[in-house]
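Chemist: One file: input01.txt (compact mmCIF, C-alpha atoms and all ligand atoms).
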```txt
# COMPACT_ATOMS: atom_id res chain seq x y z
CA MET A 24 -39.20 -33.77 14.61
CA ILE A 25 -35.62 -34.74 15.53
CA SER A 26 -33.06 -33.23 13.14
CA TYR A 27 -29.55 -34.47 12.30
CA GLY A 28 -27.83 -31.76 14.32
CA ARG A 29 -28.50 -28.77 16.55
CA GLN A 30 -26.89 -26.43 19.07
CA THR A 31 -26.69 -27.07 22.82
CA LEU A 32 -27.29 -23.81 24.70
CA SER A 33 -27.81 -23.50 28.45
CA ASP A 34 -28.61 -20.60 30.80
CA ASP A 35 -24.96 -19.65 31.33
CA ASP A 36 -24.51 -19.29 27.55
CA LEU A 37 -27.54 -16.99 27.35
CA GLU A 38 -26.33 -14.96 30.35
CA ALA A 39 -22.91 -14.52 28.78
CA VAL A 40 -24.52 -13.00 25.68
CA ILE A 41 -26.95 -10.77 27.61
CA ASN A 42 -24.18 -9.49 29.90
CA ASN A 43 -22.09 -8.64 26.85
CA LEU A 44 -24.99 -6.82 25.20
CA ARG A 45 -25.18 -4.56 28.30
CA THR A 46 -21.60 -3.31 27.71
CA ASP A 47 -20.53 -0.42 25.46
CA LEU A 48 -18.60 -2.38 22.84
CA ILE A 49 -20.86 -5.06 21.39
CA THR A 50 -19.02 -5.46 18.09
CA GLN A 51 -15.28 -4.80 18.38
CA GLY A 52 -14.91 -5.28 22.14
CA PRO A 53 -12.38 -7.03 24.39
CA VAL A 54 -14.03 -10.46 24.43
CA ILE A 55 -13.02 -11.13 20.79
CA LYS A 56 -9.43 -11.34 22.04
CA ASP A 57 -10.48 -13.54 24.99
CA PHE A 58 -12.20 -15.96 22.60
CA GLU A 59 -9.21 -16.03 20.27
CA ASN A 60 -6.90 -16.70 23.23
CA ALA A 61 -9.17 -19.52 24.43
CA ILE A 62 -9.14 -21.14 20.95
CA SER A 63 -5.36 -20.74 20.87
CA GLU A 64 -5.02 -22.46 24.22
CA TYR A 65 -7.39 -25.28 23.21
CA THR A 66 -5.81 -25.96 19.80
CA GLN A 67 -2.20 -25.17 20.82
CA ALA A 68 -1.88 -22.92 17.74
CA ARG A 69 0.09 -19.75 18.37
CA TYR A 70 -2.26 -17.33 16.55
CA VAL A 71 -6.03 -17.21 16.11
CA THR A 72 -8.20 -14.87 14.01
CA SER A 73 -11.94 -15.06 14.65
CA THR A 74 -14.21 -14.42 11.66
CA SER A 75 -17.86 -13.84 10.77
CA HIS A 76 -18.29 -17.36 9.29
CA GLY A 77 -16.35 -20.52 8.51
CA THR A 78 -16.75 -19.49 4.88
CA SER A 79 -15.06 -16.11 5.43
CA ALA A 80 -12.31 -17.95 7.36
CA LEU A 81 -11.69 -20.07 4.22
CA HIS A 82 -11.67 -16.98 1.99
CA LEU A 83 -9.21 -15.15 4.28
CA ALA A 84 -7.01 -18.25 4.53
CA CYS A 85 -6.72 -18.39 0.71
CA LEU A 86 -6.02 -14.64 0.50
CA ALA A 87 -3.39 -14.75 3.25
CA LEU A 88 -1.52 -17.43 1.27
CA GLY A 89 -1.57 -15.07 -1.73
CA LEU A 90 -4.00 -17.06 -3.88
CA GLN A 91 -4.55 -15.34 -7.24
CA ALA A 92 -6.23 -15.85 -10.59
CA ALA A 93 -3.35 -17.82 -12.13
CA ASP A 94 -3.33 -20.30 -9.24
CA THR A 95 -5.05 -23.61 -8.59
CA VAL A 96 -6.60 -25.11 -5.46
CA TRP A 97 -7.38 -28.80 -4.95
CA THR A 98 -9.91 -30.08 -2.45
CA SER A 99 -12.26 -32.99 -1.78
CA PRO A 100 -15.50 -33.33 -3.78
CA ILE A 101 -17.29 -34.54 -0.63
CA SER A 102 -17.57 -31.37 1.42
CA PHE A 103 -19.77 -28.35 1.80
CA VAL A 104 -19.53 -26.11 -1.30
CA ALA A 105 -17.68 -23.45 0.74
CA SER A 106 -14.49 -25.60 0.70
CA ALA A 107 -14.26 -25.07 -3.07
CA ASN A 108 -16.01 -21.70 -3.47
CA CYS A 109 -13.27 -19.93 -1.50
CA ALA A 110 -10.81 -20.60 -4.34
CA LEU A 111 -13.24 -19.14 -6.87
CA TYR A 112 -13.69 -15.99 -4.71
CA CYS A 113 -9.99 -15.33 -5.41
CA GLY A 114 -10.42 -15.95 -9.14
CA ALA A 115 -8.34 -19.14 -8.89
CA THR A 116 -9.04 -22.49 -10.56
CA ILE A 117 -10.51 -25.37 -8.55
CA ASP A 118 -9.94 -29.08 -8.97
CA PHE A 119 -10.74 -32.12 -6.85
CA VAL A 120 -9.10 -35.33 -5.63
CA ASP A 121 -11.52 -38.22 -5.01
CA ILE A 122 -12.22 -39.58 -1.53
CA ASN A 123 -11.24 -42.80 0.19
CA ALA A 124 -14.36 -45.00 0.35
CA SER A 125 -13.96 -45.86 4.03
CA THR A 126 -12.63 -42.67 5.67
CA LEU A 127 -14.54 -40.30 3.31
CA ASN A 128 -11.44 -38.06 3.45
CA ILE A 129 -9.18 -37.18 0.53
CA ASP A 130 -7.55 -40.34 -0.87
CA ILE A 131 -3.79 -40.04 -0.29
CA ASP A 132 -2.84 -42.47 -3.09
CA LEU A 133 -4.99 -40.61 -5.61
CA LEU A 134 -3.50 -37.33 -4.37
CA GLU A 135 0.01 -38.65 -4.93
CA ASP A 136 -0.92 -39.96 -8.41
CA LYS A 137 -2.41 -36.61 -9.35
CA LEU A 138 0.69 -34.76 -8.11
CA LYS A 139 2.91 -37.10 -10.14
CA THR A 140 0.96 -36.63 -13.34
CA SER A 141 0.11 -32.91 -13.11
CA LYS A 142 2.37 -30.39 -14.81
CA THR A 143 2.16 -28.12 -11.79
CA PRO A 144 1.07 -28.85 -8.23
CA PRO A 145 -1.78 -26.77 -6.78
CA LYS A 146 -0.82 -23.63 -4.90
CA ILE A 147 -3.06 -24.74 -2.03
CA LEU A 148 -4.55 -28.08 -0.99
CA ILE A 149 -7.64 -27.76 1.21
CA VAL A 150 -8.18 -30.98 3.14
CA VAL A 151 -11.50 -31.63 4.88
CA HIS A 152 -11.73 -33.65 8.09
CA MET A 153 -15.01 -35.19 6.99
CA ALA A 154 -17.52 -35.91 9.78
CA GLY A 155 -14.84 -34.99 12.33
CA LEU A 156 -12.36 -37.73 11.37
CA PRO A 157 -8.88 -36.21 10.88
CA CYS A 158 -7.11 -36.74 7.53
CA GLU A 159 -3.69 -38.43 7.42
CA MET A 160 -1.92 -35.10 7.89
CA GLN A 161 1.59 -36.50 8.21
CA SER A 162 1.51 -38.07 4.72
CA ILE A 163 -0.16 -34.99 3.24
CA HIS A 164 2.50 -32.79 4.82
CA GLU A 165 5.27 -34.97 3.35
CA LEU A 166 3.70 -34.61 -0.09
CA SER A 167 3.50 -30.83 0.38
CA ARG A 168 7.23 -30.76 1.10
CA LYS A 169 8.04 -32.90 -1.91
CA TYR A 170 5.84 -31.09 -4.43
CA GLY A 171 5.64 -27.61 -2.88
CA PHE A 172 2.10 -26.56 -2.00
CA TYR A 173 0.38 -24.93 0.97
CA ILE A 174 -2.11 -26.82 3.17
CA ILE A 175 -5.34 -25.43 4.64
CA GLU A 176 -7.27 -27.76 6.95
CA ASP A 177 -11.03 -27.28 6.67
CA ALA A 178 -11.78 -28.38 10.23
CA ALA A 179 -15.38 -27.10 10.25
CA HIS A 180 -16.33 -30.61 11.47
CA ALA A 181 -13.32 -31.26 13.63
CA LEU A 182 -13.02 -28.83 16.56
CA GLY A 183 -12.34 -31.20 19.48
CA ALA A 184 -10.70 -33.92 17.35
CA GLN A 185 -7.10 -35.05 17.86
CA TYR A 186 -4.40 -36.07 15.40
CA LEU A 187 -1.31 -37.88 16.76
CA GLN A 188 -2.18 -36.76 20.30
CA LYS A 189 -2.42 -33.09 19.32
CA PRO A 190 -5.61 -31.07 18.88
CA VAL A 191 -6.81 -30.48 15.32
CA GLY A 192 -6.08 -26.80 14.72
CA SER A 193 -2.52 -26.98 16.10
CA CYS A 194 -1.29 -26.62 12.48
CA GLU A 195 1.56 -29.02 13.15
CA PHE A 196 1.19 -30.35 9.58
CA SER A 197 -0.47 -27.41 7.82
CA ASP A 198 -0.18 -23.67 7.23
CA LEU A 199 -3.66 -22.74 8.41
CA THR A 200 -6.72 -24.42 9.91
CA ILE A 201 -10.26 -23.06 9.71
CA PHE A 202 -13.22 -23.73 12.01
CA SER A 203 -16.94 -22.92 11.78
CA PHE A 204 -19.21 -22.11 14.73
CA HIS A 205 -22.50 -22.61 12.87
CA PRO A 206 -25.15 -24.12 15.22
CA VAL A 207 -24.68 -27.71 13.97
CA LYS A 208 -20.88 -27.68 14.58
CA SER A 209 -18.97 -28.69 17.76
CA ILE A 210 -19.62 -25.30 19.44
CA THR A 211 -21.62 -22.32 18.22
CA THR A 212 -21.54 -18.52 18.09
CA GLY A 213 -24.61 -18.41 15.80
CA GLU A 214 -22.65 -17.61 12.67
CA GLY A 215 -18.88 -17.51 13.18
CA GLY A 216 -15.52 -18.99 12.38
CA ALA A 217 -11.79 -18.85 13.09
CA VAL A 218 -8.42 -19.39 11.44
CA THR A 219 -5.47 -20.78 13.41
CA THR A 220 -1.80 -20.65 12.41
CA ASN A 221 1.70 -20.69 13.90
CA ARG A 222 3.04 -18.19 11.37
CA LYS A 223 3.02 -14.59 12.55
CA ALA A 224 3.07 -13.04 9.06
CA LEU A 225 -0.02 -15.02 8.06
CA ASP A 226 -1.80 -13.95 11.24
CA LEU A 227 -1.07 -10.27 10.57
CA SER A 228 -2.43 -10.64 7.01
CA LEU A 229 -5.57 -12.40 8.23
CA LYS A 230 -6.31 -9.67 10.79
CA LYS A 231 -5.78 -6.89 8.26
CA LEU A 232 -7.89 -8.60 5.56
CA ARG A 233 -10.67 -9.25 8.10
CA ASN A 234 -10.97 -5.49 8.68
CA HIS A 235 -11.09 -3.82 5.23
CA GLY A 236 -7.30 -3.99 4.79
CA LEU A 237 -6.81 -1.31 7.45
CA GLU A 238 -3.76 -0.68 9.62
CA ARG A 239 -3.93 1.37 12.80
CA ASP A 240 -0.80 0.47 14.76
CA PHE A 241 1.98 2.94 14.23
CA SER A 242 5.28 3.02 16.07
CA ASP A 243 6.17 5.74 18.56
CA SER A 244 8.37 7.44 16.01
CA ASP A 245 5.64 7.61 13.36
CA GLU A 246 4.31 11.02 12.38
CA HIS A 247 0.76 9.73 13.06
CA ARG A 248 1.45 8.61 16.64
CA ASP A 249 -0.64 11.42 18.15
CA GLU A 250 -3.52 11.05 15.67
CA PRO A 251 -5.69 8.31 17.21
CA TRP A 252 -8.26 8.64 14.39
CA TYR A 253 -5.70 7.83 11.72
CA TYR A 254 -5.75 4.61 9.71
CA GLU A 255 -4.36 3.49 6.40
CA GLN A 256 -5.81 1.05 3.90
CA SER A 257 -2.91 -0.88 2.44
CA CYS A 258 -4.78 -3.66 0.59
CA LEU A 259 -8.32 -4.63 -0.37
CA GLY A 260 -9.89 -6.31 2.66
CA PHE A 261 -13.36 -7.22 3.86
CA ASN A 262 -15.60 -6.84 6.88
CA TYR A 263 -15.41 -10.41 8.14
CA ARG A 264 -15.40 -9.66 11.89
CA LEU A 265 -17.17 -11.67 14.60
CA THR A 266 -19.12 -9.53 17.10
CA ASP A 267 -18.15 -9.26 20.77
CA PHE A 268 -21.41 -10.82 21.99
CA GLN A 269 -20.88 -13.79 19.66
CA ALA A 270 -17.37 -14.12 21.09
CA ALA A 271 -18.92 -14.12 24.59
CA LEU A 272 -21.09 -17.06 23.51
CA GLY A 273 -18.00 -18.73 22.06
CA VAL A 274 -16.03 -18.40 25.32
CA SER A 275 -18.93 -19.93 27.24
CA GLN A 276 -19.41 -22.75 24.70
CA LEU A 277 -15.73 -23.64 24.48
CA LYS A 278 -15.67 -24.51 28.20
CA LYS A 279 -18.14 -27.31 27.41
CA LEU A 280 -16.51 -28.58 24.22
CA ASP A 281 -14.94 -31.67 25.80
CA THR A 282 -18.26 -32.65 27.42
CA PHE A 283 -20.04 -32.16 24.08
CA ILE A 284 -17.52 -34.42 22.35
CA GLU A 285 -17.90 -37.13 25.03
CA LYS A 286 -21.68 -37.08 24.58
CA ARG A 287 -21.31 -37.23 20.80
CA GLN A 288 -18.94 -40.18 21.18
CA SER A 289 -21.38 -42.14 23.35
CA ILE A 290 -24.17 -41.65 20.77
CA PHE A 291 -21.75 -42.67 17.98
CA ASN A 292 -20.85 -45.82 19.94
CA TYR A 293 -24.52 -46.65 20.49
CA TYR A 294 -25.18 -46.54 16.76
CA GLN A 295 -22.05 -48.62 16.04
CA GLN A 296 -23.27 -51.34 18.38
CA HIS A 297 -26.93 -51.35 17.37
CA LEU A 298 -26.71 -51.06 13.59
CA ASN A 299 -23.91 -53.54 12.95
CA ASN A 300 -26.02 -56.46 11.78
CA LEU A 301 -27.90 -54.54 9.11
CA PRO A 302 -26.91 -54.23 5.41
CA LEU A 303 -25.06 -51.01 6.13
CA GLN A 304 -21.49 -49.74 5.89
CA LEU A 305 -20.87 -48.00 9.22
CA PRO A 306 -18.36 -45.16 9.72
CA VAL A 307 -14.71 -45.68 10.65
CA ASP A 308 -14.42 -45.86 14.41
CA ASP A 309 -11.60 -43.63 15.67
CA SER A 310 -11.56 -42.36 19.25
CA ALA A 311 -9.67 -39.24 18.07
CA SER A 312 -12.64 -38.04 15.96
CA ALA A 313 -14.83 -35.06 16.86
CA PHE A 314 -17.86 -37.28 16.03
CA HIS A 315 -19.50 -34.50 14.06
CA LEU A 316 -21.68 -36.66 11.78
CA TYR A 317 -22.83 -40.27 11.91
CA ILE A 318 -23.05 -41.36 8.28
CA ILE A 319 -24.39 -44.78 7.28
CA GLN A 320 -24.11 -46.12 3.74
CA LEU A 321 -26.55 -48.66 2.33
CA LYS A 322 -24.56 -51.68 1.11
CA GLU A 323 -27.00 -52.01 -1.73
CA ASN A 324 -25.96 -49.55 -4.44
CA SER A 325 -29.39 -47.99 -4.60
CA ALA A 326 -30.30 -44.32 -4.41
CA ILE A 327 -33.95 -45.39 -4.46
CA ARG A 328 -33.62 -47.46 -1.26
CA ARG A 329 -31.74 -44.59 0.40
CA LYS A 330 -34.51 -42.17 -0.53
CA ALA A 331 -37.11 -44.64 0.80
CA LEU A 332 -35.22 -44.91 4.12
CA TYR A 333 -35.05 -41.10 4.36
CA HIS A 334 -38.83 -40.77 3.89
CA TYR A 335 -39.58 -43.72 6.20
CA LEU A 336 -37.66 -41.98 8.99
CA VAL A 337 -39.29 -38.57 8.29
CA LYS A 338 -42.72 -40.22 8.54
CA ASN A 339 -41.64 -41.40 11.98
CA GLY A 340 -40.40 -38.02 13.22
CA ILE A 341 -36.69 -38.37 12.33
CA LYS A 342 -35.19 -35.89 9.89
CA THR A 343 -31.89 -37.23 8.56
CA ASN A 344 -29.73 -35.49 5.95
CA VAL A 345 -27.16 -36.26 3.25
CA HIS A 346 -23.59 -34.93 3.49
CA TYR A 347 -22.85 -34.11 0.74
CA ILE A 348 -23.92 -33.89 -2.87
CA PRO A 349 -20.50 -34.08 -4.61
CA ILE A 350 -19.46 -30.48 -5.29
CA HIS A 351 -18.46 -31.20 -8.90
CA LEU A 352 -22.04 -32.32 -9.67
CA GLN A 353 -23.53 -28.92 -8.74
CA PRO A 354 -24.87 -27.10 -11.82
CA PHE A 355 -22.49 -24.20 -11.21
CA TYR A 356 -19.48 -26.57 -11.17
CA GLN A 357 -20.78 -28.42 -14.24
CA LYS A 358 -20.66 -25.06 -16.03
CA LEU A 359 -16.96 -24.92 -15.08
CA GLY A 360 -16.47 -28.18 -17.00
CA PHE A 361 -16.76 -30.94 -14.37
CA ARG A 362 -18.70 -34.03 -15.39
CA GLN A 363 -20.53 -36.98 -13.87
CA GLY A 364 -17.97 -39.77 -13.62
CA ASP A 365 -15.03 -37.46 -12.80
CA PHE A 366 -14.86 -38.62 -9.15
CA PRO A 367 -16.53 -42.04 -9.06
CA VAL A 368 -15.86 -42.92 -5.40
CA ALA A 369 -17.55 -39.70 -4.26
CA GLU A 370 -20.45 -40.30 -6.63
CA ARG A 371 -20.98 -43.89 -5.47
CA TYR A 372 -20.80 -42.76 -1.84
CA TYR A 373 -23.42 -40.05 -2.47
CA GLN A 374 -25.96 -42.56 -3.80
CA ARG A 375 -25.91 -44.56 -0.56
CA ALA A 376 -25.18 -42.12 2.27
CA LEU A 377 -27.49 -40.92 5.04
CA THR A 378 -26.57 -38.84 8.10
CA LEU A 379 -28.36 -39.90 11.29
CA PRO A 380 -29.12 -37.47 14.13
CA LEU A 381 -26.06 -36.79 16.31
CA PHE A 382 -25.86 -33.93 18.78
CA PRO A 383 -25.05 -33.72 22.51
CA GLU A 384 -28.64 -33.51 23.77
CA LEU A 385 -29.93 -36.45 21.72
CA SER A 386 -31.15 -38.99 24.31
CA ILE A 387 -30.32 -42.68 24.29
CA ASN A 388 -34.09 -43.30 24.07
CA ASN A 389 -34.10 -41.38 20.80
CA CYS A 390 -31.12 -43.37 19.54
CA GLN A 391 -32.87 -46.61 20.47
CA GLN A 392 -35.99 -45.50 18.56
CA ILE A 393 -33.89 -44.52 15.51
CA CYS A 394 -32.08 -47.88 15.48
CA GLN A 395 -35.39 -49.78 15.82
CA LEU A 396 -36.89 -47.84 12.90
CA ILE A 397 -33.90 -48.60 10.69
CA ASP A 398 -34.07 -52.25 11.71
CA GLN A 399 -37.78 -52.33 10.80
CA PHE A 400 -37.08 -50.69 7.45
CA PHE A 401 -34.69 -53.47 6.47
CA ASN A 402 -36.46 -56.41 8.14
CA ASP A 403 -40.19 -55.80 7.59
C1 LIG B 501 -20.03 -25.57 7.88
C2 LIG B 501 -18.95 -25.78 6.94
C3 LIG B 501 -18.28 -24.70 6.30
C4 LIG B 501 -18.76 -23.29 6.34
O1 LIG B 501 -18.95 -22.75 7.58
P1 LIG B 501 -19.98 -21.53 7.79
O2 LIG B 501 -19.64 -21.08 9.18
O3 LIG B 501 -21.36 -22.08 7.65
O4 LIG B 501 -19.68 -20.48 6.78
C5 LIG B 501 -17.16 -25.00 5.54
N1 LIG B 501 -16.73 -26.26 5.37
C6 LIG B 501 -17.37 -27.31 5.92
C7 LIG B 501 -16.81 -28.68 5.70
C8 LIG B 501 -18.51 -27.10 6.70
O5 LIG B 501 -19.14 -28.16 7.22
```
Before we go any further, please render this structure as C-alpha cells.
Ligand SMILES: *Cc1c(COP(=O)(O)O)cnc(C)c1O
Modeler:
Amino acid sequence: MISYGRQTLSDDDLEAVINNLRTDLITQGPVIKDFENAISEYTQARYVTSTSHGTSALHLACLALGLQAADTVWTSPISFVASANCALYCGATIDFVDINASTLNIDIDLLEDKLKTSKTPPKILIVVHMAGLPCEMQSIHELSRKYGFYIIEDAAHALGAQYLQKPVGSCEFSDLTIFSFHPVKSITTGEGGAVTTNRKALDLSLKKLRNHGLERDFSDSDEHRDEPWYYEQSCLGFNYRLTDFQAALGVSQLKKLDTFIEKRQSIFNYYQQHLNNLPLQLPVDDSASAFHLYIIQLKENSAIRRKALYHYLVKNGIKTNVHYIPIHLQPFYQKLGFRQGDFPVAERYYQRALTLPLFPELSINNCQQICQLIDQFFND
C-alpha cells in the first residue's frame, strides 16, 4: 500500500543516531545546539529553539508572546487541530478566518474585513503555509502593523519553502515561526519541532519554558557562581525538549533537505501535467513551495464522489488522505460555539479535497499508475 507521505531515511541517518546513542549524553547533549545552529543557518533566523514536537513549538510560541486567558488568537480553519489547540492550552479564545479557495491559505481580504469590524484585534495571528505554499506574509505583516497583533507562522508544511527569495523561517515578516519534524514533514527526527525568531528576548523565554521554567546561568558576581548544582524556577515551564539522538538525525536529514524538495517538486510537476484534463481543480503552482502535499479538488461539489475516488484508489493499493476536516467542525470546537456554515469556503473545500501520495522516494512509475487510476475513475 502506498501512503500519502512517509519519511526518507538512509544508512547515514541510521548511523548518525546509533553513534549518538553510544555517547554519554543522549538527551541533553551537544548535538541539540548543532541542530539548532544548522536550522538557523538554513532559515537565516538568528535564534532557534528545538522542541519535542511541532505542537509543543506552537504552545511555547504562544507562551513566549505572553498569551493569556483574556486574549484571542485567530488562525485558519484548514489546518491540523494543533494550530488552534495551542491557543486553548493557554486558556485563550480561538477564532478563525476563512481560506482563499485557490491558495488554501488564510484569505487576506477576509482577514482585513474581520480586523475592520472586530472591536479588538487578536493578540496573535497564526498563519499556516498550507501544503507548503507560503502565505502572503508582506500583506499580513502590514496588517499587523496597522492593527497591532503578533504573527506566528505555522510552517509545519513549509521547511524548504521560500518567500520573496528568503527561506520560510527567516521571520522577516513575523515574530516566530514553528516547524514540525514528524515523519511526513520535509525532514524528520521522529517526533520533533523547532521555533525560529530574530528576537533575543523571545528566544530566552522559549528556552526557559522548554525546560520547566528553570534558569542555570548566573553571572560571575552571583552568590551561586560556585554552586554548579544550583537552579532557579522563575516561571511555570514544561519538559518540551528534543533528545540529542533525535537532533543527530535532524542534522543528518537537514543536509538532504534541498534534494528532498527537488524530488517532491518533480512529483508535483508530474501530477500537474498528467491530471490537467480531468474534472479536477489542481493546486497553485509556485516554484517557491515546499511541495508538502499534493491536493486535488473534485470540480463536482460532491463528497460522495470524493469518497468513491478514495475507496477506488485504496482498492488499487493507493492510500490517499484528506487535509483537513475544518477545525471548527470538530465536536470539541462545536462545543465552543462554532457552527456549520461559519467558514463556507473551508467547508466547500473539505467536501472535494483529496491528498495524493507525495514523498521523495515515490517513483515516477507509481505516479504514472496513480494518474492512470484517477483517469480511469473519471472516464470508465
Ligand atoms: C504536523 C503539524 C503540526 C504539529 O506537529 P507535530 O510535530 O505533529 O506536533 C502543526 N501544524 C501543522 C499544520 C501540521 O501539519
Chemist: Give me, as a PyMOL selection string, all polymer residues having an atom no more than 10 Å from Ala61 in chain A, counting only C-alpha atoms and skipping those fewer than 5 positions away in the same chain.
Modeler: chain A and resi 55-56+66-67+71+273-274+277-278
Chemist: Edge lengths and centre in Å to one decimal, as JSON, is what I'm after for the box along x, y and z that holds all listed atoms of ligand LIG 501 (chain B) once 5 Å is added on each side.
Modeler:
```
{"center_x": -19.0, "center_y": -24.6, "center_z": 7.3, "size_x": 14.6, "size_y": 18.2, "size_z": 13.8}
```
Chemist: Let me see if you get this right: every residue at most 8 Å from ligand LIG 501 (chain B), counting all atoms listed in the file, written as a ChimeraX atom specification.
Modeler: /A:75-81,102-106,151-153,177-180,202-205,207-208,214-216
Chemist: Which residue gives the smallest distance to Thr343 in chain A among A:Met24, A:Asp94, A:Leu265, A:Asp226, with all atoms listed in the file counted?
Modeler: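 Looking only at the distances to Thr343 in chain A, the closest residue turns out to be A:Met24.
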Chemist: Quick one, how far is CA of Asp198 in chain A from CA of Val307 in chain A?
Modeler: 26.6 Å
Chemist: May I ask for the distance between CA of Val40 in chain A and CA of Phe268 in chain A, given in Å to one decimal place?
Modeler: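 One can read the CA of Val40 in chain A to CA of Phe268 in chain A distance as 5.3 Å.
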Chemist: Please measure the separation of CA of Arg362 in chain A and CA of Ile348 in chain A, giving the value in Å to one decimal.
Modeler: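 It comes out at 13.6 Å.
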Chemist: May I ask which of the residues A:Ala84, A:Cys158, A:Ala110, A:Cys390 is the closest one to Asp130 in chain A, counting all atoms listed in the file?
Modeler: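 Distance minimum relative to Asp130 in chain A lands on A:Cys158.
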Chemist: Between A:Arg328, A:Arg287, A:Lys322, A:Lys230, which is the closest to Ser310 in chain A once you count only C-alpha atoms?
Modeler: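 Going through A:Arg328, A:Arg287, A:Lys322, A:Lys230 one by one, the smallest distance to Ser310 in chain A is for A:Arg287.
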Chemist: Which residues, written as a VMD selection string, have at least one atom at most 8 Å from range 134-139 of chain A, with all atoms listed in the file counted and residues fewer than 6 positions away on the same chain left out?
Modeler: chain A and resid 120 166 170
Chemist: Using all atoms listed in the file, can you tell me which of A:Ser242, A:Ser26, A:Asn262, A:Thr219 comes closest to Thr378 in chain A?
Modeler: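 Smallest separation from Thr378 in chain A among the options: A:Ser26.
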Chemist: Which residues are near Asn234 in chain A? Cut-off 12 Å, only C-alpha atoms, ignore same chain within fewer than 6 positions. Put them as a list in words.
Modeler: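 Near Asn234 in chain A, the qualifying residues are Gln51, Thr72, Ser73, Thr74, Ser75, Ser79, Leu83, Leu227, Ser228, Tyr254, Glu255, Gln256, Ser257, Cys258, Leu259, Gly260, Phe261, Asn262, Tyr263, Arg264 and Leu265 of chain A.
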Chemist: List the residues sitting within 10 Å of (-23.6, -35.3, -15.8) in the file's frame, using all atoms listed in the file, as a list in words.
Modeler: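 Residues found, by chain and rising number: His351, Leu352, Gln353, Pro354, Gln357, Phe361, Arg362, Gln363, Gly364 and Asp365 of chain A.
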Chemist: My list of candidates is A:Arg45, A:Phe172, A:Ser386, A:Asp309. Which is closest to Ile290 in chain A when distances are computed with all atoms listed in the file?
Modeler: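 Distance minimum relative to Ile290 in chain A lands on A:Ser386.
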Chemist: Got a sec: who's within 12 Å of Asp398 in chain A, counting only C-alpha atoms, leaving out chain neighbours fewer than 6 positions off, as a list in words?
Modeler: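 These residues fall inside the cut-off: Tyr294, His297, Leu298, Asn299, Asn300, Leu301, Pro302, Leu303, Leu332, Tyr335, Leu336, Gln391 and Gln392 of chain A.
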Chemist: Calculated over only C-alpha atoms, which of the candidates A:Asn344, A:Ser33, A:Ser209, A:Asn43 has the smallest distance to Gly155 in chain A?
Modeler: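 For Gly155 in chain A, the nearest of the given residues is A:Ser209.
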